[in-house]
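Engineer: This structure is in structure tokens; I'll ask about it shortly.
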Amino acid sequence: MTTIRTTCNRCGDVELTTADIGLELSSETSNGTYRFSCPFCGITQRRPANHRVVSILLATGVEYDIIATTGPITEQEIDGFVTSLDSDDWFSELATS
Ligand SMILES: [Zn+2]
């Protein structure tokens, strides 16, 4: 069985099995978060997982969930809004509508 070494806030270095770990993956990026319950103190902890950590955890067979991170406003929508503010005719558009 694969053991995964991580650090507990209380206990320091701990060794976990794949069954102790759950991975939360973002639908937007290749990064994610993993959570584990410390085998010594039992506290559930969450850590950011970069692309490399995500790859390792997936390769060892850790179970994962896809978390939708789409917010109410996307960056693209903000950009579009800023662009429309910059254009000179927004006021006339507003005035004529
Ligand atoms: Zn612990």
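Letters for chains follow the order of the structure tokens (A, B, ...), residue numbers begin at 1 for each chain, and ligand numbers begin at 1 in the order shown.
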Would you mind listing the residues within 8 Å of ligand 1, counting only C-alpha atoms and all ligand atoms, as a PDB file with C-alpha atoms, in the first residue's frame?

Structural biologist:
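Wrote part-v4.pdb, looks like this:
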```
ATOM      1  CA  CYS A   8      -0.016  17.455  10.903  1.00  0.00           C
ATOM      2  CA  ASN A   9      -0.290  20.845  12.598  1.00  0.00           C
ATOM      3  CA  ARG A  10      -0.083  19.130  15.968  1.00  0.00           C
ATOM      4  CA  CYS A  11       1.861  15.935  15.488  1.00  0.00           C
ATOM      5  CA  GLY A  12       4.403  16.906  12.856  1.00  0.00           C
ATOM      6  CA  VAL A  14       2.667  11.678   9.729  1.00  0.00           C
ATOM      7  CA  SER A  37      -7.579  13.058   9.058  1.00  0.00           C
ATOM      8  CA  CYS A  38      -4.485  12.734  11.175  1.00  0.00           C
ATOM      9  CA  PRO A  39      -4.144   9.111  12.334  1.00  0.00           C
ATOM     10  CA  PHE A  40      -2.816  10.300  15.709  1.00  0.00           C
ATOM     11  CA  CYS A  41      -4.979  13.221  16.798  1.00  0.00           C
ATOM     12  CA  GLY A  42      -7.872  12.676  14.386  1.00  0.00           C
ATOM     13  CA  ILE A  43      -8.110  16.298  13.312  1.00  0.00           C
TER      14      ILE A  43
END
```

Engineer: Which residue, A:Val53, A:Ile66, A:Ile78, A:Ala59, has the smallest gap to Thr6 in chain A when you use only C-alpha atoms?

Structural biologist: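 Using only C-alpha atoms, Thr6 in chain A sits closest to A:Val53.
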
Engineer: Excluding Pro48 in chain A and residues on its chain fewer than 3 positions from it, collect all residues at most 7 Å away from it, counting only C-alpha atoms, and give them as a list in words.

Structural biologist: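 The filter keeps Gly32, Thr33 and Tyr34 of chain A.
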
Engineer: Quick check for you: according to DSSP on this backbone, which residues of chain A are classed as strand (DSSP E or B)? Reply as an mmCIF file with N, CA and C atoms, in the first residue's frame.

Structural biologist:
```
data_model
loop_
_atom_site.group_PDB
_atom_site.id
_atom_site.type_symbol
_atom_site.label_atom_id
_atom_site.label_comp_id
_atom_site.auth_asym_id
_atom_site.auth_seq_id
_atom_site.Cartn_x
_atom_site.Cartn_y
_atom_site.Cartn_z
ATOM 1 N N THR A 3 2.158 4.766 0.963
ATOM 2 C CA THR A 3 2.052 5.691 2.087
ATOM 3 C C THR A 3 2.408 7.090 1.607
ATOM 4 N N ILE A 4 1.699 8.043 2.137
ATOM 5 C CA ILE A 4 1.908 9.435 1.758
ATOM 6 C C ILE A 4 2.302 10.199 3.011
ATOM 7 N N ARG A 5 3.413 10.869 2.922
ATOM 8 C CA ARG A 5 3.895 11.602 4.078
ATOM 9 C C ARG A 5 3.442 13.053 4.016
ATOM 10 N N THR A 6 2.877 13.508 5.098
ATOM 11 C CA THR A 6 2.504 14.916 5.164
ATOM 12 C C THR A 6 2.744 15.398 6.587
ATOM 13 N N THR A 7 2.313 16.600 6.867
ATOM 14 C CA THR A 7 2.578 17.180 8.183
ATOM 15 C C THR A 7 1.271 17.547 8.864
ATOM 16 N N CYS A 8 1.117 17.069 10.084
ATOM 17 C CA CYS A 8 -0.016 17.455 10.903
ATOM 18 C C CYS A 8 0.388 18.700 11.695
ATOM 19 N N GLY A 12 3.229 16.891 13.716
ATOM 20 C CA GLY A 12 4.403 16.906 12.856
ATOM 21 C C GLY A 12 4.236 15.919 11.720
ATOM 22 N N ASP A 13 5.327 15.288 11.310
ATOM 23 C CA ASP A 13 5.277 14.377 10.165
ATOM 24 C C ASP A 13 4.425 13.150 10.482
ATOM 25 N N VAL A 14 3.507 12.870 9.577
ATOM 26 C CA VAL A 14 2.667 11.678 9.729
ATOM 27 C C VAL A 14 2.635 10.940 8.403
ATOM 28 N N GLU A 15 2.399 9.645 8.467
ATOM 29 C CA GLU A 15 2.261 8.858 7.254
ATOM 30 C C GLU A 15 0.827 8.420 7.096
ATOM 31 N N LEU A 16 0.297 8.628 5.914
ATOM 32 C CA LEU A 16 -1.099 8.319 5.631
ATOM 33 C C LEU A 16 -1.174 7.297 4.516
ATOM 34 N N THR A 17 -2.295 6.631 4.442
ATOM 35 C CA THR A 17 -2.552 5.788 3.282
ATOM 36 C C THR A 17 -3.505 6.543 2.362
ATOM 37 N N ILE A 21 -6.969 10.061 2.629
ATOM 38 C CA ILE A 21 -6.891 11.344 1.947
ATOM 39 C C ILE A 21 -8.028 11.511 0.956
ATOM 40 N N GLY A 22 -8.572 12.707 0.912
ATOM 41 C CA GLY A 22 -9.553 13.062 -0.105
ATOM 42 C C GLY A 22 -9.041 14.275 -0.851
ATOM 43 N N LEU A 23 -9.232 14.264 -2.154
ATOM 44 C CA LEU A 23 -8.712 15.350 -2.981
ATOM 45 C C LEU A 23 -9.889 16.139 -3.545
ATOM 46 N N GLU A 24 -9.774 17.461 -3.477
ATOM 47 C CA GLU A 24 -10.778 18.326 -4.085
ATOM 48 C C GLU A 24 -10.125 19.068 -5.227
ATOM 49 N N LEU A 25 -10.633 18.842 -6.416
ATOM 50 C CA LEU A 25 -10.027 19.459 -7.589
ATOM 51 C C LEU A 25 -10.900 20.586 -8.110
ATOM 52 N N SER A 26 -10.259 21.643 -8.521
ATOM 53 C CA SER A 26 -10.964 22.759 -9.121
ATOM 54 C C SER A 26 -11.272 22.453 -10.573
ATOM 55 N N GLY A 32 -5.562 22.055 -6.587
ATOM 56 C CA GLY A 32 -6.674 21.583 -5.783
ATOM 57 C C GLY A 32 -6.355 21.684 -4.308
ATOM 58 N N THR A 33 -7.133 20.976 -3.527
ATOM 59 C CA THR A 33 -6.943 20.931 -2.096
ATOM 60 C C THR A 33 -7.046 19.481 -1.670
ATOM 61 N N TYR A 34 -6.193 19.064 -0.750
ATOM 62 C CA TYR A 34 -6.412 17.731 -0.208
ATOM 63 C C TYR A 34 -6.714 17.834 1.278
ATOM 64 N N ARG A 35 -7.510 16.903 1.728
ATOM 65 C CA ARG A 35 -7.846 16.894 3.149
ATOM 66 C C ARG A 35 -7.511 15.521 3.702
ATOM 67 N N PHE A 36 -7.135 15.506 4.943
ATOM 68 C CA PHE A 36 -6.821 14.228 5.571
ATOM 69 C C PHE A 36 -7.143 14.312 7.045
ATOM 70 N N SER A 37 -7.397 13.148 7.625
ATOM 71 C CA SER A 37 -7.579 13.058 9.058
ATOM 72 C C SER A 37 -6.308 12.480 9.637
ATOM 73 N N THR A 44 -9.155 16.736 11.171
ATOM 74 C CA THR A 44 -9.186 16.839 9.711
ATOM 75 C C THR A 44 -8.544 18.152 9.287
ATOM 76 N N GLN A 45 -7.638 18.051 8.362
ATOM 77 C CA GLN A 45 -6.927 19.226 7.905
ATOM 78 C C GLN A 45 -6.983 19.326 6.400
ATOM 79 N N ARG A 46 -6.850 20.534 5.910
ATOM 80 C CA ARG A 46 -6.876 20.768 4.466
ATOM 81 C C ARG A 46 -5.613 21.495 4.063
ATOM 82 N N ARG A 47 -5.082 21.090 2.941
ATOM 83 C CA ARG A 47 -3.865 21.723 2.425
ATOM 84 C C ARG A 47 -4.032 22.005 0.942
ATOM 85 N N PRO A 48 -3.441 23.103 0.489
ATOM 86 C CA PRO A 48 -3.447 23.340 -0.946
ATOM 87 C C PRO A 48 -2.575 22.307 -1.651
ATOM 88 N N ALA A 49 -3.002 21.866 -2.796
ATOM 89 C CA ALA A 49 -2.230 20.904 -3.577
ATOM 90 C C ALA A 49 -1.943 21.523 -4.937
ATOM 91 N N GLU A 63 -9.104 9.170 -3.773
ATOM 92 C CA GLU A 63 -10.404 9.563 -4.308
ATOM 93 C C GLU A 63 -10.498 11.076 -4.396
ATOM 94 N N TYR A 64 -11.234 11.550 -5.395
ATOM 95 C CA TYR A 64 -11.303 12.990 -5.582
ATOM 96 C C TYR A 64 -12.711 13.453 -5.941
ATOM 97 N N ASP A 65 -12.962 14.725 -5.674
ATOM 98 C CA ASP A 65 -14.192 15.388 -6.082
ATOM 99 C C ASP A 65 -13.817 16.583 -6.945
ATOM 100 N N ILE A 66 -14.655 16.871 -7.914
ATOM 101 C CA ILE A 66 -14.464 18.090 -8.704
ATOM 102 C C ILE A 66 -15.330 19.184 -8.090
ATOM 103 N N ILE A 67 -14.685 20.274 -7.726
ATOM 104 C CA ILE A 67 -15.395 21.383 -7.100
ATOM 105 C C ILE A 67 -15.554 22.492 -8.143
#
```

Engineer: Could you work out how far CA of Ser27 in chain A lies from CA of Glu75 in chain A, giving the answer in Å with one decimal?

Structural biologist: 15.4 Å

Engineer: Would you mind listing what lies within 6 Å of Asn31 in chain A as a list in words, with only C-alpha atoms counted and same-chain residues fewer than 2 positions away left out?

Structural biologist: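 Residues meeting the cut-off are Thr29, Ala49, Asn50 and His51 of chain A.
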
Engineer: Report, in Å with one decimal, the straight-line distance from CA of Thr74 in chain A to CA of Asp86 in chain A.

Structural biologist: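 Going from CA of Thr74 in chain A over to CA of Asp86 in chain A covers 18.7 Å.
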
Engineer: Using DSSP on the backbone coordinates, identify all residues within chain A classified as helix (DSSP H, G or I); present the result as a PyMOL selection string.

Structural biologist: chain A and resi 18-20+51-59+75-86+90-96

Engineer: Find the residue from A:Gln76, A:Glu28, A:Ser84, A:Thr18 that sits nearest to Leu58 in chain A; use only C-alpha atoms when measuring.

Structural biologist: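 The answer is A:Thr18, which sits nearest to Leu58 in chain A.
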
Engineer: Could you please determine the separation between CA of Ala68 in chain A and CA of Thr83 in chain A in Å, to one decimal place?

Structural biologist: 27.3 Å
